file data_13.cif (mmCIF, C-alpha atoms)
data_run
#
loop_
_atom_site.label_atom_id
_atom_site.label_comp_id
_atom_site.auth_asym_id
_atom_site.auth_seq_id
_atom_site.Cartn_x
_atom_site.Cartn_y
_atom_site.Cartn_z
CA MET A 20 6.54 16.22 27.78
CA LYS A 21 7.77 16.86 24.23
CA LYS A 22 5.23 16.37 21.46
CA ILE A 23 6.22 14.48 18.32
CA LEU A 24 4.11 14.37 15.16
CA VAL A 25 4.69 11.17 13.18
CA VAL A 26 3.53 11.35 9.55
CA GLU A 27 3.75 7.78 8.30
CA ASP A 28 1.23 5.88 6.18
CA ASP A 29 2.44 2.43 7.15
CA GLU A 30 0.37 1.85 10.27
CA TRP A 31 2.56 -0.84 11.71
CA LEU A 32 5.74 1.13 11.21
CA ALA A 33 4.10 4.13 12.85
CA GLU A 34 3.14 1.88 15.76
CA GLN A 35 6.76 0.78 15.99
CA TYR A 36 7.91 4.40 16.23
CA GLU A 37 5.30 5.01 18.89
CA ARG A 38 6.41 1.92 20.79
CA ILE A 39 9.96 3.25 20.95
CA LEU A 40 9.25 6.92 21.52
CA SER A 41 6.44 6.64 24.06
CA LYS A 42 8.70 4.64 26.39
CA ASN A 43 10.92 7.70 26.49
CA GLU A 44 8.33 10.18 27.58
CA TYR A 45 7.42 11.64 24.26
CA GLU A 46 3.79 12.33 23.45
CA ILE A 47 3.11 10.96 20.00
CA PHE A 48 0.60 12.17 17.42
CA MET A 49 0.28 9.77 14.52
CA VAL A 50 -1.24 10.68 11.14
CA ASN A 51 -1.01 8.99 7.75
CA ASN A 52 -1.20 11.96 5.39
CA ALA A 53 -0.14 15.56 4.95
CA LEU A 54 -3.59 17.09 5.41
CA SER A 55 -4.10 15.39 8.77
CA ALA A 56 -0.63 16.58 9.76
CA MET A 57 -1.69 20.18 9.20
CA ASP A 58 -4.80 19.56 11.31
CA VAL A 59 -2.66 18.36 14.20
CA LEU A 60 -0.34 21.34 13.81
CA ASP A 61 -3.37 23.63 14.00
CA ASN A 62 -4.38 22.23 17.34
CA SER A 63 -1.17 21.28 19.15
CA LYS A 64 2.21 22.78 19.72
CA ILE A 65 4.48 20.19 18.14
CA ASP A 66 8.18 20.04 19.05
CA ALA A 67 9.39 17.85 16.17
CA ILE A 68 8.05 16.04 13.13
CA VAL A 69 8.97 12.59 11.85
CA LEU A 70 8.09 12.52 8.17
CA ASP A 71 7.83 9.74 5.61
CA ILE A 72 8.35 10.77 1.98
CA LEU A 73 5.86 8.60 0.10
CA LEU A 74 2.42 9.50 1.38
CA PRO A 75 -1.10 9.10 -0.02
CA GLU A 76 -2.45 12.20 -1.75
CA ASN A 77 0.01 15.02 -1.10
CA THR A 78 3.69 14.22 -0.89
CA ALA A 79 5.99 15.03 1.98
CA PHE A 80 7.53 17.79 -0.12
CA GLU A 81 4.19 19.55 -0.34
CA LEU A 82 3.90 19.34 3.43
CA LEU A 83 7.42 20.70 3.87
CA ASN A 84 6.50 23.65 1.65
CA GLU A 85 3.34 24.20 3.65
CA LEU A 86 5.25 24.15 6.92
CA GLN A 87 7.63 26.82 5.65
CA SER A 88 4.71 29.08 4.79
CA TYR A 89 4.01 29.86 8.44
CA ALA A 90 6.34 31.25 11.03
CA ASP A 91 5.25 28.92 13.82
CA THR A 92 5.47 25.71 11.78
CA GLY A 93 8.51 26.75 9.76
CA CYS A 94 10.74 26.44 12.80
CA ILE A 95 9.68 22.92 13.79
CA PRO A 96 12.57 20.51 13.20
CA VAL A 97 11.75 17.69 10.78
CA VAL A 98 13.37 14.27 10.66
CA VAL A 99 12.75 12.54 7.35
CA CYS A 100 12.39 8.79 7.72
CA SER A 101 12.21 7.10 4.34
CA SER A 102 13.22 4.09 2.33
CA LEU A 103 14.19 6.60 -0.37
CA ALA A 104 16.74 8.22 1.93
CA GLY A 105 19.59 7.21 -0.34
CA GLU A 106 18.09 9.22 -3.17
CA ILE A 107 17.49 12.41 -1.23
CA SER A 108 20.11 15.10 -0.90
CA PHE A 109 20.22 16.56 2.58
CA ASP A 110 21.41 19.89 1.17
CA ASP A 111 18.30 20.06 -1.03
CA ILE A 112 15.81 19.65 1.81
CA LYS A 113 17.72 21.35 4.62
CA PRO A 114 16.15 24.73 3.76
CA TYR A 115 12.74 23.19 4.48
CA GLY A 116 13.47 22.64 8.14
CA VAL A 117 14.80 19.11 7.75
CA VAL A 118 17.46 18.46 10.35
CA GLY A 119 18.09 14.79 9.72
CA ILE A 120 17.41 11.93 7.31
CA LEU A 121 17.04 8.33 8.44
CA ASP A 122 17.06 5.42 6.03
CA LYS A 123 14.28 3.01 6.98
CA THR A 124 16.12 0.14 5.35
CA VAL A 125 19.21 0.36 7.55
CA MET A 126 18.18 2.23 10.69
CA ALA A 127 18.06 0.53 14.07
CA PRO A 128 14.89 0.87 16.16
CA ASN A 129 16.57 3.29 18.54
CA ASP A 130 18.04 5.54 15.84
CA LEU A 131 14.91 7.66 15.68
CA LEU A 132 14.95 8.13 19.43
CA LEU A 133 18.65 9.13 19.35
CA GLU A 134 18.02 11.60 16.54
CA LEU A 135 15.08 13.24 18.33
CA THR A 136 16.96 13.35 21.62
CA LYS A 137 19.86 15.07 19.89
CA ILE A 138 17.56 17.62 18.25
CA LEU A 139 15.43 18.40 21.25
CA SER A 140 18.03 18.48 23.99
CA MET B 14 13.58 -10.83 -18.45
CA GLY B 15 14.70 -10.21 -21.98
CA ALA B 16 15.25 -6.51 -21.46
CA SER B 17 18.56 -4.91 -22.03
CA ARG B 18 20.22 -2.85 -19.39
CA GLY B 19 18.77 0.60 -19.02
CA GLU B 20 15.35 -0.17 -20.45
CA HIS B 21 13.81 -0.11 -16.99
CA GLU B 22 15.26 3.16 -15.90
CA GLY B 23 12.06 5.05 -16.53
CA PHE B 24 10.57 4.46 -13.09
CA PHE B 25 10.96 8.02 -12.00
CA GLY B 26 9.04 9.50 -14.88
CA GLY B 27 9.31 7.58 -18.10
CA SER B 28 7.41 4.61 -19.41
CA LEU B 29 8.49 1.04 -19.64
CA VAL B 30 9.89 0.04 -22.98
CA ASP B 31 8.88 -3.61 -22.99
CA GLY B 32 5.82 -3.56 -20.75
CA LEU B 33 7.49 -5.70 -18.13
CA PRO B 34 7.39 -4.58 -14.52
CA SER B 35 10.42 -2.48 -13.78
CA ILE B 36 13.08 -4.03 -11.61
CA VAL B 37 13.47 -0.69 -9.91
CA ALA B 38 9.74 -0.44 -9.31
CA ALA B 39 9.67 -3.93 -7.84
CA ALA B 40 12.63 -3.16 -5.61
CA HIS B 41 10.91 -0.06 -4.29
CA GLU B 42 7.68 -1.92 -3.67
CA LEU B 43 9.50 -4.55 -1.66
CA LYS B 44 11.54 -2.09 0.38
CA SER B 45 8.63 -1.07 2.58
CA PRO B 46 7.61 -4.51 3.83
CA LEU B 47 11.21 -5.62 4.20
CA ALA B 48 12.12 -2.49 6.16
CA LEU B 49 9.15 -3.08 8.45
CA ILE B 50 10.01 -6.75 8.98
CA ARG B 51 13.58 -5.75 9.81
CA GLN B 52 12.50 -3.08 12.30
CA LEU B 53 10.12 -5.45 14.04
CA SER B 54 12.67 -8.26 14.15
CA LEU B 55 15.28 -5.99 15.68
CA MET B 56 12.70 -4.95 18.25
CA LEU B 57 12.20 -8.58 19.23
CA GLU B 58 15.95 -9.14 19.44
CA ASP B 59 16.21 -6.33 21.97
CA ASN B 60 13.92 -8.24 24.34
CA GLU B 61 12.27 -5.06 25.49
CA VAL B 62 8.71 -6.06 24.73
CA SER B 63 6.07 -7.78 26.81
CA GLU B 64 4.89 -11.29 25.98
CA THR B 65 1.68 -9.87 24.50
CA GLU B 66 3.61 -7.41 22.37
CA TYR B 67 6.00 -10.18 21.35
CA LYS B 68 3.15 -12.26 19.93
CA TYR B 69 1.57 -9.21 18.31
CA ILE B 70 4.83 -8.25 16.60
CA LEU B 71 5.43 -11.83 15.43
CA ARG B 72 1.98 -11.81 13.84
CA GLN B 73 2.77 -8.52 12.09
CA ILE B 74 6.02 -9.99 10.78
CA SER B 75 4.33 -13.08 9.35
CA LEU B 76 1.47 -11.13 7.76
CA THR B 77 3.84 -8.55 6.27
CA SER B 78 6.04 -11.36 4.91
CA GLU B 79 3.04 -13.01 3.28
CA ARG B 80 2.07 -9.73 1.66
CA ALA B 81 5.57 -9.21 0.29
CA LEU B 82 5.70 -12.78 -0.96
CA ARG B 83 2.42 -12.28 -2.79
CA LEU B 84 4.00 -9.40 -4.67
CA THR B 85 7.09 -11.40 -5.60
CA SER B 86 4.89 -14.27 -6.75
CA ASP B 87 2.74 -11.91 -8.85
CA LEU B 88 5.86 -10.38 -10.37
CA THR B 89 7.21 -13.77 -11.38
CA ARG B 90 3.88 -14.71 -12.86
CA SER B 91 3.55 -11.44 -14.77
CA VAL B 92 7.01 -11.76 -16.31
CA ARG B 93 6.17 -15.27 -17.51
CA LEU B 94 2.79 -14.37 -18.96
CA SER B 95 4.03 -14.41 -22.53
CA ASP B 96 5.78 -17.78 -22.11
CA ALA B 97 2.94 -19.70 -20.61
CA MET B 98 -0.52 -20.81 -21.60
CA PHE B 99 -3.22 -19.89 -19.14
CA ALA B 100 -6.28 -22.06 -19.44
CA LEU B 101 -9.56 -20.20 -19.30
CA GLU B 102 -12.49 -22.03 -17.78
CA PRO B 103 -15.96 -21.31 -16.40
CA ILE B 104 -15.54 -20.14 -12.82
CA ASN B 105 -17.98 -19.57 -10.01
CA PRO B 106 -16.98 -16.04 -8.90
CA HIS B 107 -18.81 -16.38 -5.60
CA GLN B 108 -16.68 -19.33 -4.54
CA LEU B 109 -13.48 -17.65 -5.73
CA CYS B 110 -14.27 -14.41 -3.87
CA GLU B 111 -15.17 -16.35 -0.74
CA ASP B 112 -11.74 -17.98 -0.87
CA VAL B 113 -10.10 -14.57 -1.29
CA VAL B 114 -12.02 -13.14 1.67
CA HIS B 115 -10.95 -16.12 3.76
CA GLU B 116 -7.30 -15.56 2.77
CA LEU B 117 -7.27 -11.80 3.31
CA ARG B 118 -9.36 -11.52 6.45
CA PRO B 119 -6.55 -12.20 8.99
CA LEU B 120 -4.48 -9.39 7.46
CA PHE B 121 -7.44 -7.01 7.49
CA LEU B 122 -8.42 -7.82 11.06
CA ALA B 123 -4.83 -7.31 12.18
CA HIS B 124 -5.06 -3.83 10.68
CA GLY B 125 -8.38 -3.09 12.40
CA ARG B 126 -10.41 -3.45 9.21
CA ASN B 127 -12.63 -6.10 7.71
CA VAL B 128 -13.20 -7.56 4.27
CA GLU B 129 -16.48 -9.14 3.22
CA LEU B 130 -18.23 -10.56 0.20
CA VAL B 131 -21.39 -8.76 -0.85
CA SER B 132 -23.01 -10.87 -3.51
CA GLN B 133 -25.93 -13.03 -4.44
CA LYS B 134 -25.20 -16.69 -3.85
CA HIS B 135 -25.62 -17.71 -7.46
CA PRO B 136 -24.08 -15.10 -9.73
CA LEU B 137 -23.36 -15.83 -13.40
CA LEU B 138 -20.29 -17.95 -14.07
CA LEU B 139 -17.46 -16.13 -15.82
CA VAL B 140 -14.62 -17.21 -18.06
CA ALA B 141 -11.20 -16.72 -16.52
CA ASN B 142 -8.04 -18.34 -15.29
CA ARG B 143 -8.68 -19.15 -11.66
CA ASP B 144 -5.17 -18.37 -10.44
CA LEU B 145 -4.85 -15.06 -12.28
CA LEU B 146 -8.30 -13.87 -11.25
CA ARG B 147 -7.59 -14.77 -7.63
CA ARG B 148 -4.37 -12.75 -7.81
CA ILE B 149 -6.19 -9.74 -9.26
CA ILE B 150 -8.78 -9.69 -6.48
CA ILE B 151 -6.16 -10.19 -3.77
CA ASN B 152 -4.15 -7.40 -5.34
CA PHE B 153 -7.16 -5.07 -5.24
CA GLY B 154 -7.71 -6.18 -1.66
CA ASP B 155 -4.15 -5.32 -0.65
CA ASN B 156 -4.56 -1.95 -2.34
CA ALA B 157 -7.89 -1.32 -0.59
CA LEU B 158 -6.38 -2.17 2.77
CA HIS B 159 -3.89 0.64 2.30
CA TYR B 160 -6.60 3.23 1.66
CA ALA B 161 -9.51 2.02 3.78
CA ASP B 162 -10.17 3.90 6.98
CA LYS B 163 -9.82 2.09 10.26
CA ASN B 164 -12.91 0.16 11.45
CA THR B 165 -14.37 0.06 7.95
CA SER B 166 -15.12 -2.97 5.84
CA VAL B 167 -13.81 -3.47 2.33
CA GLU B 168 -16.51 -5.00 0.15
CA ILE B 169 -15.95 -7.48 -2.65
CA SER B 170 -18.96 -7.68 -4.92
CA ILE B 171 -20.08 -9.44 -8.08
CA THR B 172 -22.42 -7.81 -10.59
CA LYS B 173 -23.51 -8.54 -14.14
CA LEU B 174 -23.31 -5.91 -16.88
CA LYS B 175 -24.41 -5.61 -20.51
CA ALA B 176 -27.41 -7.91 -20.20
CA GLY B 177 -25.36 -10.54 -18.52
CA ASN B 178 -22.53 -10.65 -21.04
CA ILE B 179 -19.99 -9.23 -18.63
CA VAL B 180 -19.38 -10.10 -15.00
CA ARG B 181 -17.74 -7.45 -12.85
CA LEU B 182 -15.82 -8.24 -9.68
CA SER B 183 -15.35 -5.09 -7.60
CA VAL B 184 -13.38 -4.24 -4.51
CA ARG B 185 -14.75 -1.16 -2.74
CA ASP B 186 -12.91 0.63 0.05
CA TYR B 187 -14.19 3.39 2.31
CA GLY B 188 -11.49 5.93 2.92
CA PRO B 189 -9.77 8.96 1.43
CA ILE B 190 -10.39 9.80 -2.22
CA LEU B 191 -8.34 8.03 -4.87
CA PRO B 192 -5.36 10.15 -5.96
CA GLY B 193 -6.10 11.90 -9.26
CA GLY B 194 -2.88 10.62 -10.80
CA LEU B 195 -3.89 7.03 -10.28
CA VAL B 196 -7.30 7.55 -11.89
CA LYS B 197 -5.56 9.10 -14.87
CA ILE B 198 -3.32 6.09 -15.21
CA LEU B 199 -6.27 3.72 -15.03
CA GLY B 200 -8.01 5.76 -17.71
CA LYS B 201 -5.14 4.85 -20.01
CA LYS B 202 -5.49 1.22 -19.01
CA ILE B 203 -2.23 1.53 -17.14
CA ASP B 204 -0.18 0.50 -20.13
CA ASN B 205 2.63 2.82 -19.22
CA LEU B 206 3.20 2.38 -15.55
CA PRO B 207 4.98 3.57 -13.53
CA VAL B 208 4.29 7.25 -13.29
CA THR B 209 6.51 9.55 -11.34
CA ILE B 210 7.13 8.16 -7.93
CA SER B 211 6.12 11.39 -6.25
CA THR B 212 2.55 11.13 -7.52
CA ARG B 213 2.21 7.53 -6.54
CA PRO B 214 1.06 6.36 -3.17
CA GLN B 215 3.25 3.93 -1.36
CA SER B 216 2.15 0.61 -2.72
CA SER B 217 -0.45 0.69 -5.43
CA GLY B 218 1.08 1.29 -8.86
CA LEU B 219 2.97 -1.88 -9.54
CA GLY B 220 0.26 -4.16 -8.19
CA ILE B 221 -2.37 -2.48 -10.33
CA HIS B 222 -0.13 -2.73 -13.37
CA ILE B 223 0.27 -6.45 -12.80
CA ALA B 224 -3.48 -6.84 -12.32
CA SER B 225 -3.99 -5.11 -15.67
CA GLN B 226 -1.63 -7.57 -17.37
CA PHE B 227 -3.43 -10.53 -15.80
CA ALA B 228 -6.80 -9.16 -16.95
CA ASP B 229 -5.49 -8.74 -20.51
CA VAL B 230 -4.53 -12.41 -20.66
CA MET B 231 -8.14 -13.29 -19.81
CA ASN B 232 -9.59 -10.82 -22.35
CA GLY B 233 -10.79 -8.71 -19.47
CA LYS B 234 -10.13 -5.19 -18.34
CA ILE B 235 -9.64 -3.42 -15.07
CA GLY B 236 -10.80 0.02 -14.02
CA ALA B 237 -11.52 2.23 -11.07
CA ILE B 238 -14.39 4.36 -9.88
CA ARG B 239 -13.73 7.29 -7.64
CA HIS B 240 -16.21 7.87 -4.84
CA ARG B 241 -16.56 10.72 -2.43
CA ASN B 242 -15.33 8.48 0.36
CA GLY B 243 -13.12 5.91 -1.23
CA ALA B 244 -12.72 3.97 -4.44
CA THR B 245 -13.76 0.85 -6.28
CA PHE B 246 -11.33 -1.18 -8.33
CA TYR B 247 -12.92 -3.69 -10.66
CA VAL B 248 -12.19 -6.29 -13.28
CA ASP B 249 -14.69 -7.01 -16.06
CA LEU B 250 -14.69 -10.48 -17.60
CA GLN B 251 -16.80 -12.37 -20.13
CA ALA B 252 -19.72 -14.29 -18.68
CA SER B 253 -19.65 -18.00 -19.36
CA ARG B 254 -21.94 -19.22 -22.17
CA GLN B 255 -21.99 -22.81 -21.01
CA LEU B 256 -25.52 -22.63 -19.59
CA SER B 257 -26.93 -21.32 -22.87
CA LEU B 258 -25.35 -24.27 -24.71
CA LEU B 259 -27.20 -26.84 -22.64
#
call {"tool": "encode", "arguments": {"input": "data_13.cif", "output": "structure tokens"}}
result
Amino acid sequence: MKKILVVEDDEWLAEQYERILSKNEYEIFMVNNALSAMDVLDNSKIDAIVLDILLPENTAFELLNELQSYADTGCIPVVVCSSLAGEISFDDIKPYGVVGILDKTVMAPNDLLLELTKILS
Amino acid sequence: MGASRGEHEGFFGGSLVDGLPSIVAAAHELKSPLALIRQLSLMLEDNEVSETEYKYILRQISLTSERALRLTSDLTRSVRLSDAMFALEPINPHQLCEDVVHELRPLFLAHGRNVELVSQKHPLLLVANRDLLRRIIINFGDNALHYADKNTSVEISITKLKAGNIVRLSVRDYGPILPGGLVKILGKKIDNLPVTISTRPQSSGLGIHIASQFADVMNGKIGAIRHRNGATFYVDLQASRQLSLL
């Protein structure tokens, strides 16, 4: 079973992601901040990360930098899921392991599943 | 809003020219709840949820809508502050906070948290505008909900300061430490919100800015105290003198 780390500080949106992904045989780890994300990465082998941009405390960009500092986390594909998607340049964050950007304001519930399926297959 | 085009473009780093909430800031604040409502609604349309889940999601939609509507209502009120007269009157803070707890509790319980009033039954009366003060405390409550850890209780309390001349209403959450950037802003009385969006947590800046404006109208002030395990947001207001006049 593939393991997905969801870093999202809106609890109910994170639940929604879990609702969709867990029906498709993904094991979901949900955290609401960057520090907790690093804790999960210390203890589990994660196959992909779903990352919100606006987080309490550290921002997603700090987490992306952190991920790139280690060989084992630097190769984990990251899907950014944000309401700021329209203001982020994919070319700018691609070097940080980001393989896709989803816009929360226009995405359909299954878009995240399709994106992860595409990445992990 | 009386602001010319371009004056509100400072959301990503600059300050507001006219002190009014930025249209861009407001739009960003409303994106999150609207995006969530949309996702949940689409989920219901797909008919792939159980009856229990269906009811649960509907509840989330209504509570999220109410929260977003509170923000829009606060925004409207804050923009009209200079045009309107807000009557100040002696208010029983215990009763007002009880009403706020009653209003916020369903949202908190749905998030696996609680909100409670921790106060003596007969605190000093204070001088305020009932509607604005209610909005400030609800605003602090919404903010606390975002930061409070699961299964904790947010506490609303009433204390007297300066030999009873000031009454402080506080909202204390138990969770991660308040971001340093936000404390810094509060130290400057939040006159120049918003700060850079990257240093701001998802949904606190604009609400706090509005609360600060409401407090100003009532000759009060807001502030924050950082704790090891959470934060307290408070508003200080003048105690009522009516008892001493009797």
call {"tool": "resolve_selection", "arguments": {"input": "data_13.cif", "expression": "the PyMOL selection byres ((chain A) within 7 of (chain B))", "output": "VMD selection string"}}
result
chain A and resid 32 73 to 76 78 102 123 to 124 127 to 128
call {"tool": "residues_around", "arguments": {"input": "data_13.cif", "residues": "stretch 224-228 of chain B", "least_positions_apart": "6", "cutoff": "7 Å", "atoms": "only C-alpha atoms", "output": "count of residues only"}}
result
5
call {"tool": "atom_distance", "arguments": {"input": "data_13.cif", "atom1": "atom CA of B:Ala141", "atom2": "atom CA of B:Leu101"}}
result
4.7 Å
call {"tool": "closest_residue", "arguments": {"input": "data_13.cif", "among": "B:Ile36, B:Asn127, B:Tyr187, B:Leu71", "to": "B:Asp162", "atoms": "all atoms listed in the file"}}
result
B:Tyr187
call {"tool": "resolve_selection", "arguments": {"input": "data_13.cif", "expression": "the PyMOL selection byres ((chain B and resi 115) around 12)", "output": "number ranges by chain"}}
result
B: 108-114, 116-122, 127-130, 147, 151, 154, 169
call {"tool": "write_last_selection", "arguments": {"input": "data_13.cif", "atoms": "C-alpha atoms", "output": "compact mmCIF listing (two decimals), in the frame of the given file"}}
result
# COMPACT_ATOMS: atom_id res chain seq x y z
CA GLN B 108 -16.68 -19.33 -4.54
CA LEU B 109 -13.48 -17.65 -5.73
CA CYS B 110 -14.27 -14.41 -3.87
CA GLU B 111 -15.17 -16.35 -0.74
CA ASP B 112 -11.74 -17.98 -0.87
CA VAL B 113 -10.10 -14.57 -1.29
CA VAL B 114 -12.02 -13.14 1.67
CA GLU B 116 -7.30 -15.56 2.77
CA LEU B 117 -7.27 -11.80 3.31
CA ARG B 118 -9.36 -11.52 6.45
CA PRO B 119 -6.55 -12.20 8.99
CA LEU B 120 -4.48 -9.39 7.46
CA PHE B 121 -7.44 -7.01 7.49
CA LEU B 122 -8.42 -7.82 11.06
CA ASN B 127 -12.63 -6.10 7.71
CA VAL B 128 -13.20 -7.56 4.27
CA GLU B 129 -16.48 -9.14 3.22
CA LEU B 130 -18.23 -10.56 0.20
CA ARG B 147 -7.59 -14.77 -7.63
CA ILE B 151 -6.16 -10.19 -3.77
CA GLY B 154 -7.71 -6.18 -1.66
CA ILE B 169 -15.95 -7.48 -2.65
call {"tool": "residues_around", "arguments": {"input": "data_13.cif", "residues": "stretch 116-122 of chain A", "least_positions_apart": "4", "cutoff": "9 Å", "atoms": "all atoms listed in the file", "output": "ChimeraX atom specification"}}
result
/A:83,86-87,93-105,107,109,112,126,130-131,134,138
call {"tool": "resolve_selection", "arguments": {"input": "data_13.cif", "expression": "the PyMOL selection byres ((chain B and resi 88) around 12)", "output": "ChimeraX atom specification"}}
result
/B:14,33-36,38-40,42-43,81-87,89-94,145,148,152,219-224,226-227
call {"tool": "atom_distance", "arguments": {"input": "data_13.cif", "atom1": "atom CA of A:Glu27", "atom2": "atom CA of A:Asp71"}}
result
5.3 Å
call {"tool": "atom_distance", "arguments": {"input": "data_13.cif", "atom1": "atom CA of A:Ser63", "atom2": "atom CA of A:Lys113"}}
result
23.8 Å
call {"tool": "residues_around", "arguments": {"input": "data_13.cif", "residues": "A:Ala33", "least_positions_apart": "4", "cutoff": "10 Å", "atoms": "only C-alpha atoms", "output": "PDB file with C-alpha atoms, in the frame of the given file"}}
result
ATOM      1  CA  VAL A  25       4.690  11.170  13.180  1.00  0.00           C
ATOM      2  CA  VAL A  26       3.530  11.350   9.550  1.00  0.00           C
ATOM      3  CA  GLU A  27       3.750   7.780   8.300  1.00  0.00           C
ATOM      4  CA  ASP A  28       1.230   5.880   6.180  1.00  0.00           C
ATOM      5  CA  ASP A  29       2.440   2.430   7.150  1.00  0.00           C
ATOM      6  CA  GLU A  37       5.300   5.010  18.890  1.00  0.00           C
ATOM      7  CA  ARG A  38       6.410   1.920  20.790  1.00  0.00           C
ATOM      8  CA  ILE A  47       3.110  10.960  20.000  1.00  0.00           C
ATOM      9  CA  PHE A  48       0.600  12.170  17.420  1.00  0.00           C
ATOM     10  CA  MET A  49       0.280   9.770  14.520  1.00  0.00           C
ATOM     11  CA  VAL A  50      -1.240  10.680  11.140  1.00  0.00           C
ATOM     12  CA  ASN A  51      -1.010   8.990   7.750  1.00  0.00           C
ATOM     13  CA  VAL A  69       8.970  12.590  11.850  1.00  0.00           C
ATOM     14  CA  ASP A  71       7.830   9.740   5.610  1.00  0.00           C
TER      15      ASP A  71
ATOM     16  CA  LEU B  49       9.150  -3.080   8.450  1.00  0.00           C
TER      17      LEU B  49
END
call {"tool": "residues_around", "arguments": {"input": "data_13.cif", "residues": "A:Glu44", "least_positions_apart": "3", "cutoff": "8 Å", "atoms": "only C-alpha atoms", "output": "PyMOL selection string"}}
result
chain A and resi 20-21+40-41
call {"tool": "write_last_selection", "arguments": {"input": "data_13.cif", "atoms": "C-alpha atoms", "output": "PDB file, keeping the file's coordinate frame"}}
result
ATOM      1  CA  MET A  20       6.540  16.220  27.780  1.00  0.00           C
ATOM      2  CA  LYS A  21       7.770  16.860  24.230  1.00  0.00           C
ATOM      3  CA  LEU A  40       9.250   6.920  21.520  1.00  0.00           C
ATOM      4  CA  SER A  41       6.440   6.640  24.060  1.00  0.00           C
TER       5      SER A  41
END
call {"tool": "closest_residue", "arguments": {"input": "data_13.cif", "among": "B:Asn232, B:Ser63, B:Ser170, B:Ser253", "to": "B:Leu138", "atoms": "all atoms listed in the file"}}
result
B:Ser253
call {"tool": "closest_residue", "arguments": {"input": "data_13.cif", "among": "A:Phe80, A:Glu30, A:Leu70, A:Ile39", "to": "A:Pro114", "atoms": "all atoms listed in the file"}}
result
A:Phe80
call {"tool": "closest_residue", "arguments": {"input": "data_13.cif", "among": "A:Leu133, A:Ala79, A:Ala53, A:Leu139", "to": "A:Ile65", "atoms": "all atoms listed in the file"}}
result
A:Leu139
call {"tool": "closest_residue", "arguments": {"input": "data_13.cif", "among": "B:Glu79, B:Asp249, B:Glu102, B:Asp144", "to": "B:Gly233", "atoms": "all atoms listed in the file"}}
result
B:Asp249
call {"tool": "residues_around", "arguments": {"input": "data_13.cif", "residues": "A:Leu60", "least_positions_apart": "4", "cutoff": "10 Å", "atoms": "only C-alpha atoms", "output": "compact mmCIF listing (two decimals) with C-alpha atoms, in the coordinates of the input"}}
result
# COMPACT_ATOMS: atom_id res chain seq x y z
CA LEU A 24 4.11 14.37 15.16
CA PHE A 48 0.60 12.17 17.42
CA LEU A 54 -3.59 17.09 5.41
CA SER A 55 -4.10 15.39 8.77
CA ALA A 56 -0.63 16.58 9.76
CA LYS A 64 2.21 22.78 19.72
CA ILE A 65 4.48 20.19 18.14
CA ILE A 68 8.05 16.04 13.13
CA LEU A 86 5.25 24.15 6.92
CA ASP A 91 5.25 28.92 13.82
CA THR A 92 5.47 25.71 11.78
